[in-house]
Structures are given as structure tokens and as C-alpha cells.
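Dumped upload_34.cif below, it's mmCIF, N, CA and C atoms:
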```cif
data_start
#
loop_
_atom_site.label_atom_id
_atom_site.label_comp_id
_atom_site.auth_asym_id
_atom_site.auth_seq_id
_atom_site.Cartn_x
_atom_site.Cartn_y
_atom_site.Cartn_z
N MET U 193 -18.51 2.20 -18.74
CA MET U 193 -19.21 3.47 -18.64
C MET U 193 -20.71 3.22 -18.49
N GLY U 194 -21.20 2.22 -19.22
CA GLY U 194 -22.63 1.91 -19.13
C GLY U 194 -23.05 1.52 -17.73
N GLU U 195 -22.23 0.72 -17.06
CA GLU U 195 -22.54 0.31 -15.69
C GLU U 195 -22.56 1.50 -14.75
N VAL U 196 -21.62 2.41 -14.94
CA VAL U 196 -21.57 3.62 -14.09
C VAL U 196 -22.82 4.45 -14.31
N ARG U 197 -23.20 4.65 -15.55
CA ARG U 197 -24.40 5.44 -15.85
C ARG U 197 -25.64 4.80 -15.24
N ARG U 198 -25.75 3.46 -15.35
CA ARG U 198 -26.89 2.77 -14.75
C ARG U 198 -26.90 2.94 -13.23
N ALA U 199 -25.73 2.80 -12.61
CA ALA U 199 -25.64 2.96 -11.15
C ALA U 199 -26.04 4.37 -10.74
N LEU U 200 -25.54 5.38 -11.45
CA LEU U 200 -25.91 6.76 -11.13
C LEU U 200 -27.40 6.96 -11.30
N GLY U 201 -27.97 6.37 -12.34
CA GLY U 201 -29.42 6.46 -12.55
C GLY U 201 -30.20 5.78 -11.45
N ASP U 202 -29.76 4.58 -11.07
CA ASP U 202 -30.43 3.84 -9.99
C ASP U 202 -30.39 4.62 -8.67
N LEU U 203 -29.31 5.35 -8.45
CA LEU U 203 -29.17 6.15 -7.23
C LEU U 203 -29.88 7.50 -7.32
N ARG U 204 -30.36 7.83 -8.53
CA ARG U 204 -30.95 9.14 -8.83
C ARG U 204 -29.96 10.26 -8.51
N ALA U 205 -28.69 10.00 -8.82
CA ALA U 205 -27.63 10.98 -8.57
C ALA U 205 -27.91 12.26 -9.35
N VAL U 206 -27.54 13.37 -8.73
CA VAL U 206 -27.74 14.70 -9.31
C VAL U 206 -26.39 15.23 -9.77
N GLU U 207 -26.31 15.64 -11.03
CA GLU U 207 -25.06 16.19 -11.54
C GLU U 207 -24.85 17.59 -10.98
N VAL U 208 -23.61 17.86 -10.53
CA VAL U 208 -23.25 19.18 -10.01
C VAL U 208 -21.98 19.65 -10.70
N ASP U 209 -21.76 20.95 -10.68
CA ASP U 209 -20.57 21.53 -11.30
C ASP U 209 -19.45 21.62 -10.27
N LEU U 210 -18.31 21.04 -10.60
CA LEU U 210 -17.11 21.12 -9.76
C LEU U 210 -16.06 21.94 -10.49
N ASP U 211 -16.25 23.24 -10.47
CA ASP U 211 -15.32 24.15 -11.15
C ASP U 211 -15.12 23.76 -12.61
N GLY U 212 -16.21 23.51 -13.31
CA GLY U 212 -16.15 23.20 -14.72
C GLY U 212 -16.15 21.72 -15.06
N ALA U 213 -16.06 20.86 -14.07
CA ALA U 213 -16.11 19.41 -14.29
C ALA U 213 -17.38 18.86 -13.66
N ALA U 214 -17.88 17.79 -14.21
CA ALA U 214 -19.09 17.17 -13.67
C ALA U 214 -18.77 16.35 -12.44
N GLY U 215 -19.62 16.46 -11.44
CA GLY U 215 -19.57 15.63 -10.26
C GLY U 215 -20.98 15.15 -9.97
N TYR U 216 -21.14 14.23 -9.02
CA TYR U 216 -22.46 13.69 -8.73
C TYR U 216 -22.67 13.61 -7.24
N LEU U 217 -23.88 13.95 -6.81
CA LEU U 217 -24.28 13.86 -5.42
C LEU U 217 -25.57 13.06 -5.33
N LEU U 218 -25.78 12.45 -4.17
CA LEU U 218 -27.07 11.81 -3.93
C LEU U 218 -28.12 12.90 -3.74
N PRO U 219 -29.37 12.63 -4.11
CA PRO U 219 -30.39 13.68 -4.05
C PRO U 219 -30.61 14.26 -2.65
N ASP U 220 -30.34 13.48 -1.60
CA ASP U 220 -30.54 13.99 -0.24
C ASP U 220 -29.26 14.58 0.35
N ASP U 221 -28.27 14.83 -0.50
CA ASP U 221 -26.98 15.35 -0.05
C ASP U 221 -26.60 16.64 -0.76
N LEU U 222 -27.61 17.44 -1.11
CA LEU U 222 -27.36 18.65 -1.91
C LEU U 222 -27.14 19.91 -1.07
N ALA U 223 -27.43 19.85 0.21
CA ALA U 223 -27.28 21.04 1.05
C ALA U 223 -25.81 21.44 1.15
N PRO U 224 -25.52 22.74 1.10
CA PRO U 224 -24.13 23.19 1.25
C PRO U 224 -23.56 22.74 2.60
N VAL U 225 -22.28 22.48 2.62
CA VAL U 225 -21.60 22.10 3.85
C VAL U 225 -20.53 23.13 4.18
N ARG U 226 -20.23 23.22 5.45
CA ARG U 226 -19.18 24.12 5.89
C ARG U 226 -17.83 23.56 5.48
N PRO U 227 -16.95 24.40 4.95
CA PRO U 227 -15.61 23.89 4.59
C PRO U 227 -14.90 23.37 5.84
N PRO U 228 -14.13 22.30 5.71
CA PRO U 228 -13.39 21.78 6.86
C PRO U 228 -12.28 22.73 7.27
N LYS U 229 -11.86 22.62 8.52
CA LYS U 229 -10.74 23.41 9.00
C LYS U 229 -9.48 22.96 8.27
N PRO U 230 -8.66 23.89 7.77
CA PRO U 230 -7.43 23.50 7.07
C PRO U 230 -6.53 22.65 7.96
N GLY U 231 -5.87 21.69 7.35
CA GLY U 231 -4.98 20.82 8.10
C GLY U 231 -3.75 20.47 7.29
N ILE U 232 -2.76 19.93 7.97
CA ILE U 232 -1.49 19.53 7.36
C ILE U 232 -1.40 18.02 7.41
N ALA U 233 -0.94 17.43 6.31
CA ALA U 233 -0.74 15.98 6.27
C ALA U 233 0.51 15.67 5.46
N LEU U 234 1.32 14.76 5.96
CA LEU U 234 2.45 14.22 5.23
C LEU U 234 2.03 12.83 4.76
N LEU U 235 1.77 12.70 3.47
CA LEU U 235 1.29 11.44 2.91
C LEU U 235 2.42 10.68 2.25
N PRO U 236 2.38 9.35 2.31
CA PRO U 236 3.47 8.54 1.74
C PRO U 236 3.41 8.48 0.23
N ALA U 237 4.47 7.97 -0.36
CA ALA U 237 4.50 7.73 -1.80
C ALA U 237 3.36 6.80 -2.19
N LEU U 238 2.83 7.00 -3.38
CA LEU U 238 1.75 6.19 -3.94
C LEU U 238 0.46 6.25 -3.14
N ASP U 239 0.28 7.27 -2.30
CA ASP U 239 -0.96 7.40 -1.54
C ASP U 239 -2.13 7.61 -2.51
N SER U 240 -3.26 7.00 -2.22
CA SER U 240 -4.41 7.08 -3.13
C SER U 240 -4.97 8.49 -3.23
N THR U 241 -4.74 9.33 -2.25
CA THR U 241 -5.20 10.72 -2.33
C THR U 241 -4.55 11.43 -3.50
N VAL U 242 -3.28 11.19 -3.71
CA VAL U 242 -2.55 11.82 -4.80
C VAL U 242 -2.83 11.12 -6.12
N MET U 243 -2.98 9.81 -6.08
CA MET U 243 -3.11 9.02 -7.31
C MET U 243 -4.53 8.98 -7.86
N GLY U 244 -5.52 9.35 -7.07
CA GLY U 244 -6.90 9.13 -7.44
C GLY U 244 -7.51 10.08 -8.45
N TRP U 245 -6.71 10.87 -9.12
CA TRP U 245 -7.25 11.88 -10.03
C TRP U 245 -6.48 11.90 -11.34
N ALA U 246 -7.19 11.90 -12.44
CA ALA U 246 -6.53 12.05 -13.74
C ALA U 246 -6.06 13.49 -13.92
N GLU U 247 -6.90 14.43 -13.56
CA GLU U 247 -6.56 15.86 -13.60
C GLU U 247 -6.08 16.25 -12.21
N ARG U 248 -4.82 16.63 -12.10
CA ARG U 248 -4.22 16.88 -10.78
C ARG U 248 -3.90 18.35 -10.51
N ASP U 249 -3.99 19.19 -11.51
CA ASP U 249 -3.54 20.57 -11.34
C ASP U 249 -4.27 21.30 -10.23
N TRP U 250 -5.52 20.97 -9.97
CA TRP U 250 -6.29 21.69 -8.96
C TRP U 250 -5.76 21.50 -7.55
N TYR U 251 -5.04 20.42 -7.28
CA TYR U 251 -4.44 20.24 -5.97
C TYR U 251 -2.91 20.20 -6.01
N LEU U 252 -2.34 20.01 -7.19
CA LEU U 252 -0.90 19.84 -7.31
C LEU U 252 -0.17 21.12 -7.69
N GLY U 253 -0.85 22.02 -8.38
CA GLY U 253 -0.21 23.25 -8.81
C GLY U 253 0.99 22.96 -9.70
N PRO U 254 2.06 23.73 -9.57
CA PRO U 254 3.23 23.58 -10.45
C PRO U 254 4.26 22.55 -9.96
N HIS U 255 3.88 21.69 -9.03
CA HIS U 255 4.86 20.82 -8.36
C HIS U 255 5.00 19.42 -8.96
N ARG U 256 4.37 19.14 -10.08
CA ARG U 256 4.38 17.79 -10.66
C ARG U 256 5.80 17.27 -10.91
N ALA U 257 6.65 18.07 -11.53
CA ALA U 257 8.00 17.59 -11.90
C ALA U 257 8.81 17.17 -10.68
N ALA U 258 8.66 17.84 -9.57
CA ALA U 258 9.43 17.51 -8.38
C ALA U 258 8.88 16.30 -7.63
N LEU U 259 7.57 16.07 -7.73
CA LEU U 259 6.92 15.11 -6.86
C LEU U 259 6.44 13.83 -7.53
N PHE U 260 6.61 13.72 -8.85
CA PHE U 260 6.23 12.51 -9.57
C PHE U 260 7.44 11.98 -10.34
N ASP U 261 7.53 10.66 -10.45
CA ASP U 261 8.60 10.09 -11.27
C ASP U 261 8.18 10.12 -12.74
N ARG U 262 9.04 9.64 -13.61
CA ARG U 262 8.77 9.69 -15.06
C ARG U 262 7.59 8.83 -15.48
N SER U 263 7.21 7.86 -14.65
CA SER U 263 6.08 6.99 -14.98
C SER U 263 4.77 7.50 -14.40
N GLY U 264 4.81 8.63 -13.69
CA GLY U 264 3.59 9.19 -13.12
C GLY U 264 3.28 8.74 -11.71
N ASN U 265 4.25 8.15 -11.04
CA ASN U 265 4.05 7.71 -9.65
C ASN U 265 4.40 8.85 -8.70
N PRO U 266 3.51 9.16 -7.75
CA PRO U 266 3.81 10.24 -6.80
C PRO U 266 4.71 9.77 -5.66
N GLY U 267 5.57 10.68 -5.23
CA GLY U 267 6.39 10.43 -4.06
C GLY U 267 5.68 10.95 -2.82
N PRO U 268 6.36 10.98 -1.69
CA PRO U 268 5.79 11.50 -0.46
C PRO U 268 5.44 13.00 -0.61
N THR U 269 4.26 13.38 -0.18
CA THR U 269 3.79 14.75 -0.36
C THR U 269 3.40 15.40 0.96
N ILE U 270 3.46 16.73 0.96
CA ILE U 270 2.97 17.52 2.08
C ILE U 270 1.73 18.26 1.59
N TRP U 271 0.64 18.13 2.33
CA TRP U 271 -0.63 18.77 1.98
C TRP U 271 -0.98 19.83 3.02
N TRP U 272 -1.57 20.90 2.53
CA TRP U 272 -2.11 21.95 3.38
C TRP U 272 -3.41 22.42 2.75
N ASP U 273 -4.46 22.39 3.51
CA ASP U 273 -5.76 22.92 3.07
C ASP U 273 -6.20 22.33 1.73
N GLY U 274 -6.02 21.02 1.56
CA GLY U 274 -6.51 20.33 0.37
C GLY U 274 -5.66 20.43 -0.87
N ARG U 275 -4.41 20.86 -0.73
CA ARG U 275 -3.54 20.93 -1.90
C ARG U 275 -2.11 20.61 -1.50
N VAL U 276 -1.33 20.20 -2.48
CA VAL U 276 0.06 19.83 -2.24
C VAL U 276 0.92 21.09 -2.19
N ILE U 277 1.74 21.18 -1.13
CA ILE U 277 2.63 22.34 -0.98
C ILE U 277 4.10 21.94 -0.93
N GLY U 278 4.38 20.64 -0.93
CA GLY U 278 5.77 20.21 -0.86
C GLY U 278 5.89 18.71 -0.79
N GLY U 279 7.10 18.26 -0.47
CA GLY U 279 7.37 16.84 -0.37
C GLY U 279 8.31 16.55 0.78
N TRP U 280 8.41 15.29 1.12
CA TRP U 280 9.26 14.89 2.24
C TRP U 280 9.95 13.57 1.92
N ALA U 281 10.94 13.24 2.74
CA ALA U 281 11.69 11.99 2.58
C ALA U 281 12.20 11.57 3.94
N GLN U 282 12.72 10.36 3.97
CA GLN U 282 13.33 9.84 5.19
C GLN U 282 14.78 9.49 4.87
N ARG U 283 15.67 10.01 5.66
CA ARG U 283 17.10 9.73 5.48
C ARG U 283 17.46 8.38 6.10
N PRO U 284 18.64 7.84 5.75
CA PRO U 284 19.03 6.52 6.26
C PRO U 284 18.97 6.39 7.79
N GLU U 285 19.24 7.47 8.50
CA GLU U 285 19.20 7.40 9.97
C GLU U 285 17.79 7.68 10.51
N SER U 286 16.78 7.63 9.63
CA SER U 286 15.35 7.77 9.95
C SER U 286 14.88 9.21 10.13
N GLU U 287 15.77 10.19 9.95
CA GLU U 287 15.36 11.59 10.04
C GLU U 287 14.34 11.91 8.94
N ILE U 288 13.27 12.61 9.30
CA ILE U 288 12.28 13.08 8.34
C ILE U 288 12.70 14.47 7.88
N VAL U 289 12.91 14.63 6.58
CA VAL U 289 13.28 15.91 6.00
C VAL U 289 12.22 16.28 4.98
N TYR U 290 12.07 17.58 4.76
CA TYR U 290 11.01 18.02 3.85
C TYR U 290 11.40 19.32 3.18
N ARG U 291 10.66 19.65 2.14
CA ARG U 291 10.81 20.94 1.48
C ARG U 291 9.42 21.44 1.11
N VAL U 292 9.10 22.64 1.59
CA VAL U 292 7.88 23.32 1.19
C VAL U 292 8.21 24.07 -0.10
N LEU U 293 7.41 23.88 -1.13
CA LEU U 293 7.72 24.40 -2.46
C LEU U 293 7.06 25.72 -2.79
N GLU U 294 6.41 26.33 -1.82
CA GLU U 294 5.79 27.63 -2.03
C GLU U 294 5.70 28.36 -0.70
N ASP U 295 5.49 29.65 -0.75
CA ASP U 295 5.38 30.45 0.47
C ASP U 295 4.03 30.19 1.11
N VAL U 296 4.05 29.61 2.31
CA VAL U 296 2.81 29.30 3.01
C VAL U 296 2.68 30.07 4.32
N GLY U 297 3.65 30.89 4.62
CA GLY U 297 3.61 31.67 5.85
C GLY U 297 4.21 30.91 7.03
N ARG U 298 4.51 31.67 8.07
CA ARG U 298 5.19 31.10 9.24
C ARG U 298 4.35 30.09 10.00
N GLU U 299 3.06 30.38 10.14
CA GLU U 299 2.20 29.49 10.92
C GLU U 299 2.09 28.10 10.27
N VAL U 300 1.88 28.08 8.97
CA VAL U 300 1.79 26.80 8.26
C VAL U 300 3.15 26.11 8.27
N ALA U 301 4.23 26.85 8.05
CA ALA U 301 5.57 26.26 8.08
C ALA U 301 5.85 25.62 9.44
N ALA U 302 5.45 26.27 10.51
CA ALA U 302 5.61 25.70 11.85
C ALA U 302 4.76 24.43 12.00
N GLY U 303 3.58 24.44 11.41
CA GLY U 303 2.72 23.26 11.45
C GLY U 303 3.33 22.09 10.70
N VAL U 304 3.97 22.37 9.56
CA VAL U 304 4.64 21.31 8.79
C VAL U 304 5.79 20.73 9.63
N GLU U 305 6.55 21.59 10.27
CA GLU U 305 7.65 21.13 11.13
C GLU U 305 7.11 20.23 12.25
N ALA U 306 6.02 20.64 12.88
CA ALA U 306 5.44 19.83 13.95
C ALA U 306 4.93 18.49 13.42
N GLU U 307 4.34 18.49 12.24
CA GLU U 307 3.85 17.24 11.66
C GLU U 307 5.00 16.32 11.28
N ALA U 308 6.10 16.88 10.78
CA ALA U 308 7.29 16.08 10.47
C ALA U 308 7.86 15.46 11.75
N ASP U 309 7.88 16.22 12.83
CA ASP U 309 8.35 15.69 14.12
C ASP U 309 7.43 14.57 14.61
N ARG U 310 6.14 14.76 14.45
CA ARG U 310 5.17 13.74 14.87
C ARG U 310 5.37 12.45 14.06
N LEU U 311 5.59 12.60 12.75
CA LEU U 311 5.82 11.44 11.91
C LEU U 311 7.11 10.73 12.29
N ARG U 312 8.16 11.48 12.56
CA ARG U 312 9.43 10.89 13.00
C ARG U 312 9.24 10.08 14.27
N ASP U 313 8.51 10.65 15.24
CA ASP U 313 8.27 9.93 16.49
C ASP U 313 7.43 8.67 16.25
N PHE U 314 6.47 8.76 15.36
CA PHE U 314 5.62 7.61 15.05
C PHE U 314 6.44 6.50 14.37
N MET U 315 7.29 6.88 13.42
CA MET U 315 8.07 5.90 12.66
C MET U 315 9.19 5.28 13.49
N GLY U 316 9.74 6.05 14.44
CA GLY U 316 10.84 5.53 15.23
C GLY U 316 11.99 5.10 14.34
N PRO U 317 12.55 3.92 14.58
CA PRO U 317 13.70 3.47 13.78
C PRO U 317 13.30 2.82 12.45
N VAL U 318 12.01 2.68 12.19
CA VAL U 318 11.56 2.05 10.95
C VAL U 318 11.94 2.94 9.77
N ARG U 319 12.54 2.33 8.78
CA ARG U 319 13.01 3.07 7.59
C ARG U 319 12.22 2.61 6.38
N VAL U 320 11.68 3.56 5.62
CA VAL U 320 10.91 3.26 4.42
C VAL U 320 11.52 4.02 3.24
N THR U 321 11.83 3.29 2.17
CA THR U 321 12.32 3.90 0.95
C THR U 321 11.32 3.61 -0.16
N PRO U 322 10.75 4.65 -0.77
CA PRO U 322 9.78 4.41 -1.85
C PRO U 322 10.42 3.64 -2.99
N ARG U 323 9.67 2.73 -3.56
CA ARG U 323 10.16 1.97 -4.71
C ARG U 323 10.31 2.88 -5.92
N PHE U 324 9.37 3.79 -6.08
CA PHE U 324 9.40 4.74 -7.19
C PHE U 324 9.88 6.07 -6.63
N ARG U 325 11.10 6.43 -6.92
CA ARG U 325 11.71 7.61 -6.30
C ARG U 325 11.55 8.82 -7.21
N THR U 326 11.16 9.92 -6.61
CA THR U 326 10.93 11.16 -7.35
C THR U 326 12.15 12.07 -7.23
N PRO U 327 12.24 13.08 -8.09
CA PRO U 327 13.39 13.99 -7.99
C PRO U 327 13.55 14.62 -6.61
N LEU U 328 12.47 15.13 -6.02
CA LEU U 328 12.59 15.79 -4.71
C LEU U 328 12.94 14.78 -3.62
N GLU U 329 12.33 13.62 -3.64
CA GLU U 329 12.60 12.61 -2.61
C GLU U 329 14.07 12.18 -2.67
N ARG U 330 14.62 12.05 -3.87
CA ARG U 330 16.04 11.69 -4.01
C ARG U 330 16.95 12.79 -3.45
N GLN U 331 16.61 14.05 -3.75
CA GLN U 331 17.41 15.17 -3.24
C GLN U 331 17.40 15.20 -1.71
N LEU U 332 16.21 15.06 -1.14
CA LEU U 332 16.07 15.20 0.30
C LEU U 332 16.66 14.02 1.09
N SER U 333 16.54 12.83 0.55
CA SER U 333 16.96 11.66 1.31
C SER U 333 18.47 11.52 1.40
N GLY U 334 19.18 12.24 0.53
CA GLY U 334 20.64 12.32 0.57
C GLY U 334 21.28 11.01 0.68
#
```
Take the structure from the file and write it as C-alpha cells.
Amino acid sequence: MGEVRRALGDLRAVEVDLDGAAGYLLPDDLAPVRPPKPGIALLPALDSTVMGWAERDWYLGPHRAALFDRSGNPGPTIWWDGRVIGGWAQRPESEIVYRVLEDVGREVAAGVEAEADRLRDFMGPVRVTPRFRTPLERQLSG
């Protein structure tokens, strides 16, 4: 912790509020930025995006039980607009299957379908089975 505090001090980092939690910015990076355009991503198991946070509720919502194993390892996830909305798996014949765990509307659902198709085409016959299997991934992979 001491090294982190020294580094933040050396950088003259400015503390900012992130919805009740402390965050830090460089002093020349304080100007507001435009929010990015929402996007869809199918991320693999153990992806650092999912694992990089001790507090996960802000992006995970109520989906922890379906998408994490008992040791806290995340399975494959579906993201929309910076938050997890579901999970996906690959069946033995390489088919990509998924489940959206909340109502996201037709447009987003169609986008998830298109992204799953794109991933299937990218993966081709390559088959990947996560070492740490989650409840949803086990259900979907059949």
C-alpha cells in the first residue's frame, strides 16, 4: 500500500468519486469524456475484465451464481454497455450457445446473436472447454 501511495503522490494523481468509491486520475486527465457507444462482447472464461474487480455488483448485477464457480472463477460472459447480461458456452460440435439473463430488448438480442455467429466463424472447428466450469456454462454446453 505504501508503494501505491508513493506512486500516486509522485504522479500527483487526483482522487475522484466513482459512485461512492475512490478512483484516481492524472491531473491533466480531469476533463469529462463522452461515454463510448454501447457494444456487445462475448468474453472467455477467466477474462481479466471480469476478474479485475473485488466489488463486482456494479457490472455483474444478480448473475454471480450462474456465471462464477464455487471458487470465484468466472465463466464465459456476455457484455452489453459495460455490464454482464448473460453467458455463453461451446458445445462439442463447436456450436456457440448462449443465454441472456435479463430483458435487453430485440435490438440487443439480435446483436448478441450476431456476435455469437461471428465468434463461431472465428473459432471454426477449434473447441475450448473452460477448466473452471460454471453452472450456466455446464447447462449450455450440454
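Proximity of U:Asp295, U:Asp239, U:Asp202, U:Asp309 to Gly267 of chain U, computed with only N, CA and C atoms, is greatest for U:Asp239.
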Given 6 Å of margin on each side, can you work out the centre and size in Å (one decimal) of an axis-aligned box holding every listed atom of segment 307-313 of chain U, as JSON?
```
{"center_x": 6.6, "center_y": 13.6, "center_z": 13.5, "size_x": 17.6, "size_y": 21.8, "size_z": 18.0}
```
Applied to the shown file, which residues does the PyMOL selection byres ((chain U and resi 252-255) around 8) return, written as a ChimeraX atom specification? /U:247-251,256-260,274-278,293
Using all atoms listed in the file, the residue out of U:Arg198, U:Arg262, U:Arg204, U:Arg226 with shortest distance to Thr326 of chain U is U:Arg262
- Message: DSSP on the backbone: which residues in segment 198-314 of chain U end up as alpha helix (DSSP H)? Give the answer as a ChimeraX atom specification.
- Response: /U:198-203,240-243,249-252,256-259,297-314
Here's the selection I'm unsure about, the PyMOL selection byres ((chain U and resi 290) around 8); applied to the file above, which residues does it give, as number ranges by chain? U: 278-282, 287-289, 291-293, 308, 332-333
Restricting it to N, CA and C atoms, dump the selection as a PDB file, in the frame of the given file.
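The new file result30.pdb reads:
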```pdb
ATOM      1  N   GLY U 278       4.380  20.640  -0.930  1.00  0.00           N
ATOM      2  CA  GLY U 278       5.770  20.210  -0.860  1.00  0.00           C
ATOM      3  C   GLY U 278       5.890  18.710  -0.790  1.00  0.00           C
ATOM      4  N   GLY U 279       7.100  18.260  -0.470  1.00  0.00           N
ATOM      5  CA  GLY U 279       7.370  16.840  -0.370  1.00  0.00           C
ATOM      6  C   GLY U 279       8.310  16.550   0.780  1.00  0.00           C
ATOM      7  N   TRP U 280       8.410  15.290   1.120  1.00  0.00           N
ATOM      8  CA  TRP U 280       9.260  14.890   2.240  1.00  0.00           C
ATOM      9  C   TRP U 280       9.950  13.570   1.920  1.00  0.00           C
ATOM     10  N   ALA U 281      10.940  13.240   2.740  1.00  0.00           N
ATOM     11  CA  ALA U 281      11.690  11.990   2.580  1.00  0.00           C
ATOM     12  C   ALA U 281      12.200  11.570   3.940  1.00  0.00           C
ATOM     13  N   GLN U 282      12.720  10.360   3.970  1.00  0.00           N
ATOM     14  CA  GLN U 282      13.330   9.840   5.190  1.00  0.00           C
ATOM     15  C   GLN U 282      14.780   9.490   4.870  1.00  0.00           C
ATOM     16  N   GLU U 287      15.770  10.190   9.950  1.00  0.00           N
ATOM     17  CA  GLU U 287      15.360  11.590  10.040  1.00  0.00           C
ATOM     18  C   GLU U 287      14.340  11.910   8.940  1.00  0.00           C
ATOM     19  N   ILE U 288      13.270  12.610   9.300  1.00  0.00           N
ATOM     20  CA  ILE U 288      12.280  13.080   8.340  1.00  0.00           C
ATOM     21  C   ILE U 288      12.700  14.470   7.880  1.00  0.00           C
ATOM     22  N   VAL U 289      12.910  14.630   6.580  1.00  0.00           N
ATOM     23  CA  VAL U 289      13.280  15.910   6.000  1.00  0.00           C
ATOM     24  C   VAL U 289      12.220  16.280   4.980  1.00  0.00           C
ATOM     25  N   ARG U 291      10.660  19.650   2.140  1.00  0.00           N
ATOM     26  CA  ARG U 291      10.810  20.940   1.480  1.00  0.00           C
ATOM     27  C   ARG U 291       9.420  21.440   1.110  1.00  0.00           C
ATOM     28  N   VAL U 292       9.100  22.640   1.590  1.00  0.00           N
ATOM     29  CA  VAL U 292       7.880  23.320   1.190  1.00  0.00           C
ATOM     30  C   VAL U 292       8.210  24.070  -0.100  1.00  0.00           C
ATOM     31  N   LEU U 293       7.410  23.880  -1.130  1.00  0.00           N
ATOM     32  CA  LEU U 293       7.720  24.400  -2.460  1.00  0.00           C
ATOM     33  C   LEU U 293       7.060  25.720  -2.790  1.00  0.00           C
ATOM     34  N   ALA U 308       6.100  16.880  10.780  1.00  0.00           N
ATOM     35  CA  ALA U 308       7.290  16.080  10.470  1.00  0.00           C
ATOM     36  C   ALA U 308       7.860  15.460  11.750  1.00  0.00           C
ATOM     37  N   LEU U 332      16.210  15.060  -1.140  1.00  0.00           N
ATOM     38  CA  LEU U 332      16.070  15.200   0.300  1.00  0.00           C
ATOM     39  C   LEU U 332      16.660  14.020   1.090  1.00  0.00           C
ATOM     40  N   SER U 333      16.540  12.830   0.550  1.00  0.00           N
ATOM     41  CA  SER U 333      16.960  11.660   1.310  1.00  0.00           C
ATOM     42  C   SER U 333      18.470  11.520   1.400  1.00  0.00           C
TER      43      SER U 333
END
```
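Atom N of Val242 of chain U sits 22.4 Å away from atom CA of Val208 of chain U.
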Extract the full set of strand (DSSP E or B) residues from chain U according to DSSP on the backbone, and format it as a ChimeraX atom specification.
/U:206-210,213-217,232-235,260,266,269-272,275-282,288-292
Just the selected residues (N, CA and C atoms), exported as a compact mmCIF listing (two decimals), in the frame of the given file, please.
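Contents of out_17.txt, as written:
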```
# COMPACT_ATOMS: atom_id res chain seq x y z
N VAL U 206 -27.54 13.37 -8.73
CA VAL U 206 -27.74 14.70 -9.31
C VAL U 206 -26.39 15.23 -9.77
N GLU U 207 -26.31 15.64 -11.03
CA GLU U 207 -25.06 16.19 -11.54
C GLU U 207 -24.85 17.59 -10.98
N VAL U 208 -23.61 17.86 -10.53
CA VAL U 208 -23.25 19.18 -10.01
C VAL U 208 -21.98 19.65 -10.70
N ASP U 209 -21.76 20.95 -10.68
CA ASP U 209 -20.57 21.53 -11.30
C ASP U 209 -19.45 21.62 -10.27
N LEU U 210 -18.31 21.04 -10.60
CA LEU U 210 -17.11 21.12 -9.76
C LEU U 210 -16.06 21.94 -10.49
N ALA U 213 -16.06 20.86 -14.07
CA ALA U 213 -16.11 19.41 -14.29
C ALA U 213 -17.38 18.86 -13.66
N ALA U 214 -17.88 17.79 -14.21
CA ALA U 214 -19.09 17.17 -13.67
C ALA U 214 -18.77 16.35 -12.44
N GLY U 215 -19.62 16.46 -11.44
CA GLY U 215 -19.57 15.63 -10.26
C GLY U 215 -20.98 15.15 -9.97
N TYR U 216 -21.14 14.23 -9.02
CA TYR U 216 -22.46 13.69 -8.73
C TYR U 216 -22.67 13.61 -7.24
N LEU U 217 -23.88 13.95 -6.81
CA LEU U 217 -24.28 13.86 -5.42
C LEU U 217 -25.57 13.06 -5.33
N ILE U 232 -2.76 19.93 7.97
CA ILE U 232 -1.49 19.53 7.36
C ILE U 232 -1.40 18.02 7.41
N ALA U 233 -0.94 17.43 6.31
CA ALA U 233 -0.74 15.98 6.27
C ALA U 233 0.51 15.67 5.46
N LEU U 234 1.32 14.76 5.96
CA LEU U 234 2.45 14.22 5.23
C LEU U 234 2.03 12.83 4.76
N LEU U 235 1.77 12.70 3.47
CA LEU U 235 1.29 11.44 2.91
C LEU U 235 2.42 10.68 2.25
N PHE U 260 6.61 13.72 -8.85
CA PHE U 260 6.23 12.51 -9.57
C PHE U 260 7.44 11.98 -10.34
N PRO U 266 3.51 9.16 -7.75
CA PRO U 266 3.81 10.24 -6.80
C PRO U 266 4.71 9.77 -5.66
N THR U 269 4.26 13.38 -0.18
CA THR U 269 3.79 14.75 -0.36
C THR U 269 3.40 15.40 0.96
N ILE U 270 3.46 16.73 0.96
CA ILE U 270 2.97 17.52 2.08
C ILE U 270 1.73 18.26 1.59
N TRP U 271 0.64 18.13 2.33
CA TRP U 271 -0.63 18.77 1.98
C TRP U 271 -0.98 19.83 3.02
N TRP U 272 -1.57 20.90 2.53
CA TRP U 272 -2.11 21.95 3.38
C TRP U 272 -3.41 22.42 2.75
N ARG U 275 -4.41 20.86 -0.73
CA ARG U 275 -3.54 20.93 -1.90
C ARG U 275 -2.11 20.61 -1.50
N VAL U 276 -1.33 20.20 -2.48
CA VAL U 276 0.06 19.83 -2.24
C VAL U 276 0.92 21.09 -2.19
N ILE U 277 1.74 21.18 -1.13
CA ILE U 277 2.63 22.34 -0.98
C ILE U 277 4.10 21.94 -0.93
N GLY U 278 4.38 20.64 -0.93
CA GLY U 278 5.77 20.21 -0.86
C GLY U 278 5.89 18.71 -0.79
N GLY U 279 7.10 18.26 -0.47
CA GLY U 279 7.37 16.84 -0.37
C GLY U 279 8.31 16.55 0.78
N TRP U 280 8.41 15.29 1.12
CA TRP U 280 9.26 14.89 2.24
C TRP U 280 9.95 13.57 1.92
N ALA U 281 10.94 13.24 2.74
CA ALA U 281 11.69 11.99 2.58
C ALA U 281 12.20 11.57 3.94
N GLN U 282 12.72 10.36 3.97
CA GLN U 282 13.33 9.84 5.19
C GLN U 282 14.78 9.49 4.87
N ILE U 288 13.27 12.61 9.30
CA ILE U 288 12.28 13.08 8.34
C ILE U 288 12.70 14.47 7.88
N VAL U 289 12.91 14.63 6.58
CA VAL U 289 13.28 15.91 6.00
C VAL U 289 12.22 16.28 4.98
N TYR U 290 12.07 17.58 4.76
CA TYR U 290 11.01 18.02 3.85
C TYR U 290 11.40 19.32 3.18
N ARG U 291 10.66 19.65 2.14
CA ARG U 291 10.81 20.94 1.48
C ARG U 291 9.42 21.44 1.11
N VAL U 292 9.10 22.64 1.59
CA VAL U 292 7.88 23.32 1.19
C VAL U 292 8.21 24.07 -0.10
```
**Request:** Identify all residues satisfying the PyMOL selection byres (((chain U and resi 325 and name CA) around 9) and name CA) in the given file; provide them as a VMD selection string.
**Result:** chain U and resid 237 259 to 261 265 to 267 321 to 324 326 to 330
From atom N of Thr241 of chain U to atom CA of Lys229 of chain U the spacing works out at 19.0 Å
re atom CA of Ala214 of chain U and atom CA of Ile232 of chain U: distance 27.5 Å
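The nearest approach to Trp272 of chain U among the residues U:Gly303, U:Met243, U:Gly231, U:Val296, with all atoms listed in the file taken into account, belongs to U:Gly231.
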